[in-house]
file input_32.txt (compact mmCIF, C-alpha atoms (C1' of nucleotides))
# COMPACT_ATOMS: atom_id res chain seq x y z
CA MET A 30 -150.93 -12.34 146.23
CA GLY A 31 -153.18 -13.81 148.85
CA ASN A 32 -150.53 -16.14 150.28
CA ILE A 33 -148.93 -14.13 153.04
CA ASN A 34 -146.54 -16.88 154.02
CA THR A 35 -143.92 -16.28 151.40
CA ASN A 36 -141.12 -13.87 152.12
CA LYS A 37 -141.91 -11.92 148.98
CA ASP A 38 -145.34 -11.06 150.32
CA LYS A 39 -143.87 -10.08 153.66
CA ILE A 40 -141.55 -7.69 151.88
CA PHE A 41 -144.54 -6.42 149.98
CA GLN A 42 -146.53 -5.75 153.13
CA THR A 43 -143.64 -4.21 155.00
CA ALA A 44 -142.93 -1.89 152.12
CA ILE A 45 -146.56 -0.79 152.05
CA SER A 46 -146.47 0.11 155.72
CA LEU A 47 -143.21 2.00 155.51
CA PHE A 48 -144.00 3.82 152.26
CA ALA A 49 -147.33 4.88 153.69
CA ALA A 50 -145.76 6.08 156.92
CA LYS A 51 -142.62 7.78 155.66
CA GLY A 52 -143.16 8.20 151.94
CA PHE A 53 -141.39 6.55 149.04
CA ARG A 54 -138.36 8.79 149.12
CA GLY A 55 -138.29 8.76 152.89
CA THR A 56 -138.04 4.99 153.02
CA SER A 57 -134.81 3.29 152.01
CA ILE A 58 -134.40 -0.27 150.88
CA ARG A 59 -132.35 -0.74 154.02
CA ASP A 60 -135.26 0.44 156.15
CA ILE A 61 -137.43 -2.31 154.76
CA ALA A 62 -134.69 -4.92 155.10
CA ASN A 63 -133.91 -3.92 158.68
CA GLU A 64 -137.56 -3.98 159.64
CA MET A 65 -137.73 -7.60 158.50
CA HIS A 66 -134.21 -8.57 159.60
CA ILE A 67 -133.29 -9.70 156.13
CA SER A 68 -130.68 -8.67 153.60
CA ILE A 69 -131.27 -5.93 151.09
CA SER A 70 -130.24 -8.18 148.24
CA ASN A 71 -133.32 -10.18 149.01
CA ILE A 72 -135.54 -7.29 148.04
CA TYR A 73 -133.66 -6.71 144.82
CA HIS A 74 -133.96 -10.36 143.95
CA HIS A 75 -137.75 -10.23 144.25
CA PHE A 76 -138.55 -6.80 142.88
CA GLY A 77 -135.61 -5.74 140.72
CA ASN A 78 -135.25 -2.26 142.09
CA LYS A 79 -136.92 0.21 144.39
CA GLU A 80 -139.31 1.56 141.81
CA GLY A 81 -140.26 -1.99 140.87
CA LEU A 82 -141.44 -2.41 144.42
CA LEU A 83 -143.52 0.74 144.27
CA VAL A 84 -145.01 -0.14 140.90
CA ALA A 85 -145.92 -3.59 142.21
CA ILE A 86 -147.76 -2.00 145.12
CA LEU A 87 -149.58 0.47 142.93
CA ALA A 88 -150.51 -2.18 140.39
CA HIS A 89 -151.78 -4.62 142.99
CA SER A 90 -153.85 -2.18 144.98
CA SER A 91 -155.30 -0.45 141.95
CA GLU A 92 -156.20 -3.74 140.32
CA ARG A 93 -158.37 -4.55 143.30
CA LEU A 94 -160.07 -1.17 143.21
CA ILE A 95 -160.56 -1.14 139.46
CA LYS A 96 -162.01 -4.64 139.50
CA ALA A 97 -164.51 -3.69 142.18
CA LEU A 98 -165.52 -0.46 140.49
CA ASN A 99 -165.89 -2.25 137.18
CA GLU A 100 -168.29 -4.77 138.68
CA VAL A 101 -170.46 -1.95 139.98
CA SER A 102 -170.18 -0.15 136.70
CA LEU A 103 -171.61 -3.12 134.84
CA LEU A 104 -174.68 -3.45 137.06
CA ASP A 105 -178.00 -2.75 135.40
CA ILE A 106 -179.29 -0.14 137.82
CA PRO A 107 -180.33 3.50 137.48
CA PRO A 108 -177.36 5.88 137.11
CA LYS A 109 -178.05 7.59 140.38
CA GLU A 110 -177.91 4.30 142.23
CA LYS A 111 -174.82 3.39 140.29
CA LEU A 112 -173.00 6.52 141.37
CA LYS A 113 -173.96 5.82 144.95
CA SER A 114 -172.64 2.29 144.67
CA LEU A 115 -169.42 3.49 143.10
CA LEU A 116 -168.89 5.87 145.99
CA GLU A 117 -169.75 3.21 148.55
CA THR A 118 -167.35 0.73 147.00
CA HIS A 119 -164.59 3.25 146.45
CA ILE A 120 -164.68 4.68 149.96
CA ARG A 121 -164.93 1.26 151.55
CA LEU A 122 -161.91 -0.06 149.68
CA ALA A 123 -159.91 3.11 150.19
CA GLY A 124 -160.56 2.78 153.90
CA ALA A 125 -159.89 -0.93 154.11
CA TYR A 126 -156.59 -0.51 152.30
CA SER A 127 -155.77 2.97 153.47
CA GLU A 128 -152.01 2.47 153.37
CA GLU A 129 -151.94 1.55 149.70
CA THR A 130 -154.31 4.36 148.87
CA ARG A 131 -152.14 6.75 150.77
CA ILE A 132 -149.09 5.68 148.80
CA PHE A 133 -151.06 5.95 145.62
CA PHE A 134 -151.87 9.59 145.99
CA LEU A 135 -148.86 10.77 147.97
CA ASP A 136 -146.02 9.47 145.88
CA GLU A 137 -147.30 9.68 142.36
CA GLU A 138 -144.74 12.36 141.58
CA HIS A 139 -141.75 10.23 142.38
CA LEU A 140 -141.97 7.82 139.49
CA SER A 141 -139.79 7.42 136.45
CA GLU A 142 -141.12 7.11 132.94
CA GLU A 143 -142.42 3.55 133.08
CA GLY A 144 -143.92 3.87 136.53
CA ASP A 145 -145.53 7.16 135.61
CA LYS A 146 -147.10 5.57 132.56
CA ILE A 147 -148.61 2.79 134.66
CA ASN A 148 -149.79 5.27 137.23
CA ARG A 149 -151.45 7.50 134.67
CA ASN A 150 -153.24 4.53 133.20
CA ILE A 151 -154.59 3.53 136.60
CA GLN A 152 -155.88 7.00 137.32
CA ARG A 153 -157.43 7.27 133.89
CA GLN A 154 -159.37 4.06 134.46
CA ILE A 155 -160.72 5.08 137.85
CA TYR A 156 -161.74 8.50 136.63
CA GLY A 157 -163.37 6.75 133.71
CA PHE A 158 -165.91 4.93 135.86
CA TYR A 159 -167.08 8.20 137.34
CA GLN A 160 -167.07 10.09 134.08
CA LYS A 161 -169.17 7.39 132.49
CA VAL A 162 -171.91 7.46 135.10
CA LEU A 163 -171.80 11.24 135.33
CA HIS A 164 -172.22 11.39 131.58
CA GLU A 165 -175.29 9.19 131.85
CA LEU A 166 -176.71 11.47 134.51
CA ASP A 167 -175.99 14.50 132.39
CA GLU A 168 -177.67 13.03 129.32
CA THR A 169 -180.78 12.04 131.21
CA GLY A 170 -181.04 15.49 132.72
CA PHE A 171 -180.45 14.48 136.31
CA ILE A 172 -177.65 16.96 136.68
CA GLN A 173 -176.60 20.17 135.00
CA CYS A 174 -172.91 20.61 135.04
CA ARG A 175 -170.54 22.46 132.82
CA SER A 176 -167.67 20.06 133.14
CA ILE A 177 -167.97 16.40 133.94
CA LYS A 178 -164.23 16.22 134.36
CA VAL A 179 -164.14 18.83 137.08
CA LEU A 180 -167.03 17.08 138.79
CA ALA A 181 -165.18 13.79 138.75
CA PHE A 182 -162.07 15.45 140.14
CA ASN A 183 -164.09 17.01 142.93
CA ILE A 184 -165.43 13.62 143.92
CA PHE A 185 -161.95 12.18 143.88
CA GLY A 186 -160.67 15.00 146.03
CA VAL A 187 -163.21 14.47 148.77
CA ILE A 188 -162.67 10.72 148.89
CA ASN A 189 -158.91 10.87 148.98
CA TRP A 190 -158.65 13.77 151.38
CA GLN A 191 -160.23 11.83 154.19
CA LEU A 192 -157.26 9.48 154.19
CA ARG A 193 -155.18 12.48 155.11
CA TRP A 194 -156.77 13.00 158.46
CA TYR A 195 -158.94 10.02 159.38
CA ARG A 196 -157.61 8.01 162.29
CA ALA A 197 -159.34 4.85 163.39
CA ASP A 198 -158.69 5.71 167.03
CA GLY A 199 -160.46 9.06 166.68
CA PRO A 200 -163.98 9.93 167.84
CA LEU A 201 -165.67 9.01 164.56
CA SER A 202 -166.18 5.52 163.22
CA PHE A 203 -165.27 4.88 159.62
CA GLU A 204 -168.89 4.12 158.85
CA GLU A 205 -169.97 7.51 160.13
CA VAL A 206 -167.32 9.30 158.11
CA LYS A 207 -168.25 7.30 155.03
CA GLU A 208 -171.89 8.32 155.34
CA GLU A 209 -170.97 11.94 155.86
CA VAL A 210 -168.61 11.96 152.91
CA MET A 211 -171.09 10.23 150.63
CA CYS A 212 -173.83 12.62 151.63
CA PHE A 213 -171.60 15.59 150.85
CA ILE A 214 -170.71 14.25 147.43
CA MET A 215 -174.29 13.29 146.52
CA LYS A 216 -175.47 16.74 147.47
CA GLY A 217 -172.58 18.29 145.58
CA VAL A 218 -173.61 16.36 142.48
CA PHE A 219 -177.42 16.41 142.67
CA GLY A 220 -178.21 19.03 145.27
CA THR A 221 -179.96 22.26 144.48
CA ILE A 222 -179.39 25.40 146.41
CA GLU A 223 -182.52 27.22 147.41
CA GLN A 224 -182.15 30.87 146.53
CA THR A 225 -183.10 32.56 149.78
CA GLU A 226 -182.24 36.02 148.55
CA MET B 27 -140.42 39.73 151.28
CA GLY B 28 -141.62 41.93 148.49
CA ASN B 29 -138.16 42.93 147.35
CA ILE B 30 -137.24 40.38 144.72
CA ASN B 31 -133.87 41.90 144.03
CA THR B 32 -131.97 40.42 146.92
CA ASN B 33 -130.28 37.10 146.52
CA LYS B 34 -132.15 35.71 149.49
CA ASP B 35 -135.46 36.24 147.75
CA LYS B 36 -134.18 34.66 144.58
CA ILE B 37 -133.18 31.59 146.56
CA PHE B 38 -136.63 31.65 148.11
CA GLN B 39 -138.38 31.74 144.76
CA THR B 40 -136.13 29.12 143.18
CA ALA B 41 -136.70 26.79 146.10
CA ILE B 42 -140.45 27.19 145.75
CA SER B 43 -140.35 26.22 142.09
CA LEU B 44 -138.11 23.22 142.64
CA PHE B 45 -139.88 21.95 145.74
CA ALA B 46 -143.21 22.22 143.96
CA ALA B 47 -141.89 20.41 140.90
CA LYS B 48 -139.79 17.67 142.46
CA GLY B 49 -140.82 17.59 146.10
CA PHE B 50 -138.86 18.50 149.20
CA ARG B 51 -136.96 15.27 149.40
CA GLY B 52 -136.48 15.16 145.66
CA THR B 53 -134.79 18.54 145.62
CA SER B 54 -131.27 18.88 146.98
CA ILE B 55 -129.62 22.04 148.21
CA ARG B 56 -127.25 21.61 145.31
CA ASP B 57 -130.15 21.58 142.85
CA ILE B 58 -131.22 24.99 144.06
CA ALA B 59 -127.66 26.32 144.04
CA ASN B 60 -126.95 24.99 140.56
CA GLU B 61 -130.17 26.43 139.21
CA MET B 62 -129.03 29.86 140.38
CA HIS B 63 -125.33 29.36 139.64
CA ILE B 64 -124.37 30.13 143.21
CA SER B 65 -122.64 28.24 145.97
CA ILE B 66 -124.53 26.08 148.42
CA SER B 67 -122.98 27.93 151.35
CA ASN B 68 -125.08 30.85 150.26
CA ILE B 69 -128.28 28.99 151.02
CA TYR B 70 -127.04 27.80 154.38
CA HIS B 71 -126.02 31.31 155.28
CA HIS B 72 -129.49 32.66 154.60
CA PHE B 73 -131.71 29.84 155.82
CA GLY B 74 -129.64 27.79 158.25
CA ASN B 75 -130.52 24.41 156.87
CA LYS B 76 -132.79 22.71 154.38
CA GLU B 77 -135.78 22.48 156.65
CA GLY B 78 -135.36 26.14 157.55
CA LEU B 79 -135.91 26.90 153.90
CA LEU B 80 -139.06 24.80 153.78
CA VAL B 81 -140.43 26.28 156.98
CA ALA B 82 -139.79 29.78 155.65
CA ILE B 83 -141.79 28.95 152.53
CA LEU B 84 -144.66 27.43 154.47
CA ALA B 85 -144.74 30.29 156.95
CA HIS B 86 -144.67 32.96 154.27
CA SER B 87 -147.33 31.46 152.04
CA SER B 88 -149.64 30.50 154.89
CA GLU B 89 -149.35 33.92 156.48
CA ARG B 90 -150.73 35.42 153.30
CA LEU B 91 -153.62 32.96 153.16
CA ILE B 92 -154.46 33.21 156.84
CA LYS B 93 -154.42 36.99 156.72
CA ALA B 94 -156.79 37.03 153.76
CA LEU B 95 -159.17 34.47 155.28
CA ASN B 96 -159.14 36.34 158.59
CA GLU B 97 -160.21 39.56 156.90
CA VAL B 98 -163.15 37.78 155.32
CA SER B 99 -163.95 36.08 158.60
CA LEU B 100 -164.28 39.44 160.35
CA LEU B 101 -166.74 40.86 157.83
CA ASP B 102 -170.22 41.55 159.14
CA ILE B 103 -172.17 39.58 156.56
CA PRO B 104 -174.58 36.63 156.71
CA PRO B 105 -172.82 33.31 157.32
CA LYS B 106 -173.80 31.92 153.97
CA GLU B 107 -172.20 34.86 152.20
CA LYS B 108 -169.20 34.53 154.47
CA LEU B 109 -168.66 30.92 153.51
CA LYS B 110 -168.91 31.87 149.87
CA SER B 111 -166.34 34.63 150.36
CA LEU B 112 -164.01 32.29 152.22
CA LEU B 113 -164.16 29.82 149.35
CA GLU B 114 -163.66 32.54 146.78
CA THR B 115 -160.64 33.93 148.61
CA HIS B 116 -159.17 30.55 149.39
CA ILE B 117 -159.45 29.20 145.86
CA ARG B 118 -158.18 32.40 144.32
CA LEU B 119 -155.09 32.48 146.51
CA ALA B 120 -154.44 28.77 146.17
CA GLY B 121 -154.51 29.24 142.42
CA ALA B 122 -152.44 32.40 142.34
CA TYR B 123 -149.74 30.78 144.45
CA SER B 124 -150.23 27.23 143.32
CA GLU B 125 -146.61 26.26 143.81
CA GLU B 126 -146.54 27.17 147.49
CA THR B 127 -149.90 25.50 148.02
CA ARG B 128 -148.62 22.42 146.31
CA ILE B 129 -145.61 22.27 148.61
CA PHE B 130 -147.86 22.86 151.56
CA PHE B 131 -149.98 19.81 151.04
CA LEU B 132 -147.50 17.51 149.37
CA ASP B 133 -144.60 17.66 151.78
CA GLU B 134 -146.24 18.00 155.13
CA GLU B 135 -145.01 14.57 156.11
CA HIS B 136 -141.37 15.35 155.64
CA LEU B 137 -140.92 17.75 158.53
CA SER B 138 -139.05 17.35 161.78
CA GLU B 139 -140.52 18.22 165.14
CA GLU B 140 -140.32 21.99 164.94
CA GLY B 141 -141.47 22.21 161.35
CA ASP B 142 -144.31 19.84 162.03
CA LYS B 143 -145.44 21.98 164.94
CA ILE B 144 -145.53 25.08 162.75
CA ASN B 145 -147.33 23.18 160.03
CA ARG B 146 -149.97 21.83 162.35
CA ASN B 147 -150.60 25.29 163.69
CA ILE B 148 -151.10 26.64 160.20
CA GLN B 149 -153.58 23.93 159.28
CA ARG B 150 -155.45 24.38 162.54
CA GLN B 151 -155.92 28.06 161.82
CA ILE B 152 -157.19 27.57 158.29
CA TYR B 153 -159.60 24.84 159.33
CA GLY B 154 -160.70 27.16 162.12
CA PHE B 155 -162.08 29.76 159.74
CA TYR B 156 -164.29 27.17 158.09
CA GLN B 157 -165.35 25.49 161.31
CA LYS B 158 -166.39 28.84 162.72
CA VAL B 159 -168.67 29.79 159.86
CA LEU B 160 -170.01 26.25 159.56
CA HIS B 161 -170.83 26.35 163.25
CA GLU B 162 -172.75 29.58 162.72
CA LEU B 163 -174.67 27.97 159.89
CA ASP B 164 -175.42 24.94 162.01
CA GLU B 165 -176.66 27.02 164.93
CA THR B 166 -178.95 29.11 162.75
CA GLY B 167 -180.38 25.99 161.16
CA PHE B 168 -179.08 26.61 157.67
CA ILE B 169 -177.46 23.22 157.53
CA GLN B 170 -177.93 19.91 159.24
CA CYS B 171 -174.70 18.07 159.57
CA ARG B 172 -173.49 15.44 161.95
CA SER B 173 -169.89 16.54 161.99
CA ILE B 174 -168.67 20.02 161.23
CA LYS B 175 -165.12 18.73 161.19
CA VAL B 176 -165.79 16.24 158.44
CA LEU B 177 -167.58 18.92 156.48
CA ALA B 178 -164.59 21.25 156.77
CA PHE B 179 -162.28 18.47 155.68
CA ASN B 180 -164.44 17.76 152.66
CA ILE B 181 -164.25 21.39 151.61
CA PHE B 182 -160.51 21.36 152.03
CA GLY B 183 -160.21 18.22 149.96
CA VAL B 184 -162.05 19.65 147.00
CA ILE B 185 -160.08 22.89 147.02
CA ASN B 186 -156.69 21.26 147.30
CA TRP B 187 -157.35 18.46 144.88
CA GLN B 188 -157.76 20.81 141.96
CA LEU B 189 -154.11 21.79 142.33
CA ARG B 190 -153.29 18.21 141.56
CA TRP B 191 -154.62 18.29 138.05
CA TYR B 192 -155.34 21.86 136.96
CA ARG B 193 -153.04 23.10 134.26
CA ALA B 194 -153.26 26.68 133.04
CA ASP B 195 -152.67 25.53 129.47
CA GLY B 196 -155.64 23.16 129.59
CA PRO B 197 -159.08 23.70 128.05
CA LEU B 198 -160.60 25.29 131.15
CA SER B 199 -159.82 28.73 132.52
CA PHE B 200 -159.09 29.04 136.19
CA GLU B 201 -162.19 31.18 136.62
CA GLU B 202 -164.38 28.44 135.15
CA VAL B 203 -162.87 25.80 137.39
CA LYS B 204 -163.23 28.07 140.40
CA GLU B 205 -166.94 28.55 139.71
CA GLU B 206 -167.47 24.84 139.21
CA VAL B 207 -165.60 23.96 142.38
CA MET B 208 -167.43 26.59 144.43
CA CYS B 209 -170.78 25.42 143.12
CA PHE B 210 -169.97 21.84 144.06
CA ILE B 211 -168.97 22.81 147.57
CA MET B 212 -171.96 25.09 148.13
CA LYS B 213 -174.30 22.36 147.00
CA GLY B 214 -172.45 19.87 149.15
CA VAL B 215 -172.94 22.09 152.17
CA PHE B 216 -176.42 23.53 151.59
CA GLY B 217 -177.94 21.36 148.92
CA THR B 218 -180.85 19.05 149.50
CA ILE B 219 -181.38 15.86 147.59
CA GLU B 220 -184.88 15.34 146.32
CA GLN B 221 -185.98 11.84 147.19
CA THR B 222 -187.21 10.50 143.87
CA GLU B 223 -187.89 7.05 145.17
C1' DT C 30 -106.38 53.31 155.79
C1' DT C 31 -108.52 50.42 158.58
C1' DG C 32 -111.66 47.34 160.54
C1' DA C 33 -116.18 45.45 161.11
C1' DC C 34 -119.68 43.19 158.62
C1' DA C 35 -122.61 40.67 155.23
C1' DC C 36 -122.02 37.74 151.69
C1' DT C 37 -119.97 34.14 148.58
C1' DA C 38 -116.98 30.36 146.82
C1' DG C 39 -114.71 25.97 147.00
C1' DA C 40 -113.14 22.01 149.24
C1' DT C 41 -114.40 18.57 152.20
C1' DC C 42 -116.67 15.69 155.88
C1' DG C 43 -119.33 11.67 157.39
C1' DA C 44 -123.52 9.48 156.43
C1' DT C 45 -126.68 7.35 153.56
C1' DC C 46 -128.47 6.23 149.27
C1' DG C 47 -129.65 2.63 145.33
C1' DT C 48 -127.48 -0.94 143.34
C1' DT C 49 -124.34 -4.83 142.22
C1' DC C 50 -121.50 -8.76 143.06
C1' DG C 51 -119.94 -13.40 144.31
C1' DA C 52 -120.86 -16.86 147.39
C1' DT C 53 -123.75 -19.71 150.24
C1' DA C 54 -128.03 -21.89 151.74
C1' DT C 55 -132.44 -23.82 150.65
C1' DT C 56 -135.78 -26.01 147.90
C1' DA C 57 -137.78 -28.79 144.03
C1' DC C 58 -137.37 -32.25 140.77
C1' DT C 59 -135.47 -36.54 138.64
C1' DA D 1 -128.50 -38.92 145.88
C1' DG D 2 -127.62 -35.52 142.56
C1' DT D 3 -128.56 -31.48 140.19
C1' DA D 4 -130.57 -27.31 138.77
C1' DA D 5 -133.33 -23.52 140.14
C1' DT D 6 -134.43 -20.49 143.60
C1' DA D 7 -133.70 -17.76 147.78
C1' DT D 8 -130.73 -15.47 150.83
C1' DC D 9 -126.65 -13.36 152.54
C1' DG D 10 -122.67 -9.99 153.60
C1' DA D 11 -119.63 -6.87 151.54
C1' DA D 12 -118.71 -3.45 148.70
C1' DC D 13 -119.17 0.27 144.88
C1' DG D 14 -119.94 4.85 143.19
C1' DA D 15 -122.89 8.62 143.76
C1' DT D 16 -125.20 11.99 146.27
C1' DC D 17 -126.90 13.87 150.30
C1' DG D 18 -127.00 17.68 154.17
C1' DA D 19 -123.86 20.18 156.47
C1' DT D 20 -119.35 22.43 157.87
C1' DC D 21 -115.09 24.79 157.52
C1' DT D 22 -111.88 28.12 155.83
C1' DA D 23 -110.70 31.68 152.89
C1' DG D 24 -111.73 34.98 150.56
C1' DT D 25 -114.83 38.97 148.38
C1' DG D 26 -117.11 43.48 148.40
C1' DT D 27 -119.21 47.48 151.07
C1' DC D 28 -119.37 51.18 154.17
C1' DA D 29 -118.52 53.89 158.28
C1' DA D 30 -114.87 55.82 161.26
call {"tool": "encode", "arguments": {"input": "input_32.txt", "output": "structure tokens"}}
result
Amino acid sequence: MGNINTNKDKIFQTAISLFAAKGFRGTSIRDIANEMHISISNIYHHFGNKEGLLVAILAHSSERLIKALNEVSLLDIPPKEKLKSLLETHIRLAGAYSEETRIFFLDEEHLSEEGDKINRNIQRQIYGFYQKVLHELDETGFIQCRSIKVLAFNIFGVINWQLRWYRADGPLSFEEVKEEVMCFIMKGVFGTIEQTE
Amino acid sequence: MGNINTNKDKIFQTAISLFAAKGFRGTSIRDIANEMHISISNIYHHFGNKEGLLVAILAHSSERLIKALNEVSLLDIPPKEKLKSLLETHIRLAGAYSEETRIFFLDEEHLSEEGDKINRNIQRQIYGFYQKVLHELDETGFIQCRSIKVLAFNIFGVINWQLRWYRADGPLSFEEVKEEVMCFIMKGVFGTIEQTE
DNA sequence: TTGACACTAGATCGATCGTTCGATATTACT
DNA sequence: AGTAATATCGAACGATCGATCTAGTGTCAA
């Protein structure tokens, strides 16, 4: 999908921007067509139907993320370092492709059966990387937690929530936010609270 | 709004369920009317228009949360205890009224000018409670953080994300999840990471 | 009995939605 | 050049949307 010169990829990119800005339901096929000054039939020719367009976006953006997380997951490094690398990679990609990520976690409800199946599979894979490393940490005694699943969900929540409010033109650089977010998560996972009372 | 016997309140409750399940845009006025076996004019008579219904839901549910958080905020207790109480109250209410909370953070994009203004004001107030106590903690040296705002956002992310996946019929009780989530946040805020290397 | 009022139903409006269709233009290959 | 595949177009379809209008209900006080 690297070739941006074809019209199909332009449709793809325009749809990403509009879905991210106005939501899947809030964006009509005509909106996309008008934005590009093309006919709506064009979009149907390339993507079948509206949900096909959304599924293509989800599949493409998640494939990139899953591939990156998988590479980190296969590294032969201590689990604590691995978790840190997963976070680093995840946050960096989520920030670099914030529009896709936004679509991914805003419009997951609006899918039909097939799209929902694909979406669930994507989420399951991403959660899997975290659950795996958290399980390692739990087995080796680095952390004590009652539910690895809840822990993984908490991590996911922090990472995705930043996309809700972060604006590049704000006072904080993305790098600063990334560090702050990572620090919060690492403390949430490993940190110990000193009992002052 | 306590009286559930009036038709207006039934519309209110039905709208909450449908908006939470299918989204604001995914739910039509006719869906609500059909669910109750009434005419759509009924809804327009009571709430003016569709957005009026959504704003009423947001206002009602947020008023309850803000009132509860404000009571905690005014307590004369150490800041660390206050943060813990805020979390406890927040999570408990978000869980007890999960449908409203779900609407609140799923459909915030779909508002017009007036609704968006109300919504922003609500969010600002809720963040305010956390920023205030975090500021106290920062001043008294309990925490070292570079950005109180980011910290507040992180807390918000963890709390709201659980509504995305928690199901009452799952293996975990809400109380268990609440404890796990609170522990994660408290560690994320106060915890220190031992430098093993 | 009457009239004011809150409430409800049903029909209907114009707009927009996702989708389809047949036809035309462009490109790639022989 | 000729032909088949691909890409694009404009028009239209049926459905549904939010919203409005009119015509009724029932209730209750005067």
call {"tool": "atom_distance", "arguments": {"input": "input_32.txt", "atom1": "atom CA of Ile103 of chain B", "atom2": "atom CA of Glu89 of chain B"}}
result
23.5 Å
call {"tool": "interface_residues", "arguments": {"input": "input_32.txt", "of": "chain C", "to": "chain B", "cutoff": "10 Å", "atoms": "all atoms listed in the file", "output": "list in words"}}
result
DA35, DC36, DT37, DA38 and DG39 of chain C
call {"tool": "closest_atom_pairs", "arguments": {"input": "input_32.txt", "of": "chain D", "to": "chain A", "cutoff": "8 Å", "atoms": "all atoms listed in the file", "output": "JSON lines"}}
result
{"residue": "D:DA7", "atom": "C1'", "partner": "A:Asn71", "partner_atom": "CA", "distance": 7.7}
{"residue": "D:DT8", "atom": "C1'", "partner": "A:Asn71", "partner_atom": "CA", "distance": 6.2}
{"residue": "D:DC9", "atom": "C1'", "partner": "A:Ser68", "partner_atom": "CA", "distance": 6.3}
call {"tool": "interface_residues", "arguments": {"input": "input_32.txt", "of": "chain A", "to": "chain B", "cutoff": "8 Å", "atoms": "only C-alpha atoms", "output": "ChimeraX atom specification"}}
result
/A:51-52,54-55,135,138-139,175-176,179-180,182-191,206,209-210,212-223
call {"tool": "residues_around", "arguments": {"input": "input_32.txt", "residues": "Asn96 of chain B", "least_positions_apart": "4", "cutoff": "10 Å", "atoms": "only C-alpha atoms (C1' of nucleotides)", "output": "PyMOL selection string"}}
result
chain B and resi 90-92+100-101+112+151-152+154-155
call {"tool": "residues_around", "arguments": {"input": "input_32.txt", "residues": "segment 43-57 of chain C", "least_positions_apart": "3", "cutoff": "10 Å", "atoms": "only C-alpha atoms (C1' of nucleotides)", "output": "list in words"}}
result
Ser57, Ile58, Arg59, Ile69, Ser70, Tyr73, Gly77, Asn78 and Lys79 of chain A; DA4, DA5, DT6, DA7, DT8, DC9, DG10, DA11, DA12, DC13, DG14, DA15, DT16, DC17, DG18 and DA19 of chain D
call {"tool": "atom_distance", "arguments": {"input": "input_32.txt", "atom1": "atom CA of Gln160 of chain A", "atom2": "atom CA of Lys178 of chain A"}}
result
6.8 Å
call {"tool": "build_atoms", "arguments": {"input": "input_32.txt", "residues": "segment 68-79 of chain A", "atoms": "N, CA and C atoms", "output": "mmCIF file, in the frame of the given file"}}
result
data_model
loop_
_atom_site.group_PDB
_atom_site.id
_atom_site.type_symbol
_atom_site.label_atom_id
_atom_site.label_comp_id
_atom_site.auth_asym_id
_atom_site.auth_seq_id
_atom_site.Cartn_x
_atom_site.Cartn_y
_atom_site.Cartn_z
ATOM 1 N N SER A 68 -131.684 -9.398 154.373
ATOM 2 C CA SER A 68 -130.680 -8.670 153.600
ATOM 3 C C SER A 68 -131.349 -7.861 152.491
ATOM 4 N N ILE A 69 -130.691 -6.769 152.134
ATOM 5 C CA ILE A 69 -131.270 -5.930 151.090
ATOM 6 C C ILE A 69 -131.266 -6.621 149.734
ATOM 7 N N SER A 70 -130.303 -7.488 149.531
ATOM 8 C CA SER A 70 -130.240 -8.180 148.240
ATOM 9 C C SER A 70 -131.511 -8.978 147.994
ATOM 10 N N ASN A 71 -132.079 -9.419 149.086
ATOM 11 C CA ASN A 71 -133.320 -10.180 149.010
ATOM 12 C C ASN A 71 -134.414 -9.388 148.294
ATOM 13 N N ILE A 72 -134.511 -8.141 148.641
ATOM 14 C CA ILE A 72 -135.540 -7.290 148.040
ATOM 15 C C ILE A 72 -135.273 -7.093 146.556
ATOM 16 N N TYR A 73 -134.005 -6.898 146.232
ATOM 17 C CA TYR A 73 -133.660 -6.710 144.820
ATOM 18 C C TYR A 73 -133.917 -7.966 144.013
ATOM 19 N N HIS A 74 -133.709 -9.104 144.656
ATOM 20 C CA HIS A 74 -133.960 -10.360 143.950
ATOM 21 C C HIS A 74 -135.438 -10.499 143.582
ATOM 22 N N HIS A 75 -136.312 -10.037 144.465
ATOM 23 C CA HIS A 75 -137.750 -10.230 144.250
ATOM 24 C C HIS A 75 -138.384 -9.123 143.416
ATOM 25 N N PHE A 76 -137.858 -7.927 143.512
ATOM 26 C CA PHE A 76 -138.550 -6.800 142.880
ATOM 27 C C PHE A 76 -137.683 -5.995 141.912
ATOM 28 N N GLY A 77 -136.443 -6.423 141.705
ATOM 29 C CA GLY A 77 -135.610 -5.740 140.720
ATOM 30 C C GLY A 77 -134.961 -4.474 141.248
ATOM 31 N N ASN A 78 -135.778 -3.486 141.493
ATOM 32 C CA ASN A 78 -135.250 -2.260 142.090
ATOM 33 C C ASN A 78 -136.339 -1.587 142.912
ATOM 34 N N LYS A 79 -135.999 -0.435 143.446
ATOM 35 C CA LYS A 79 -136.920 0.210 144.390
ATOM 36 C C LYS A 79 -138.228 0.608 143.707
#
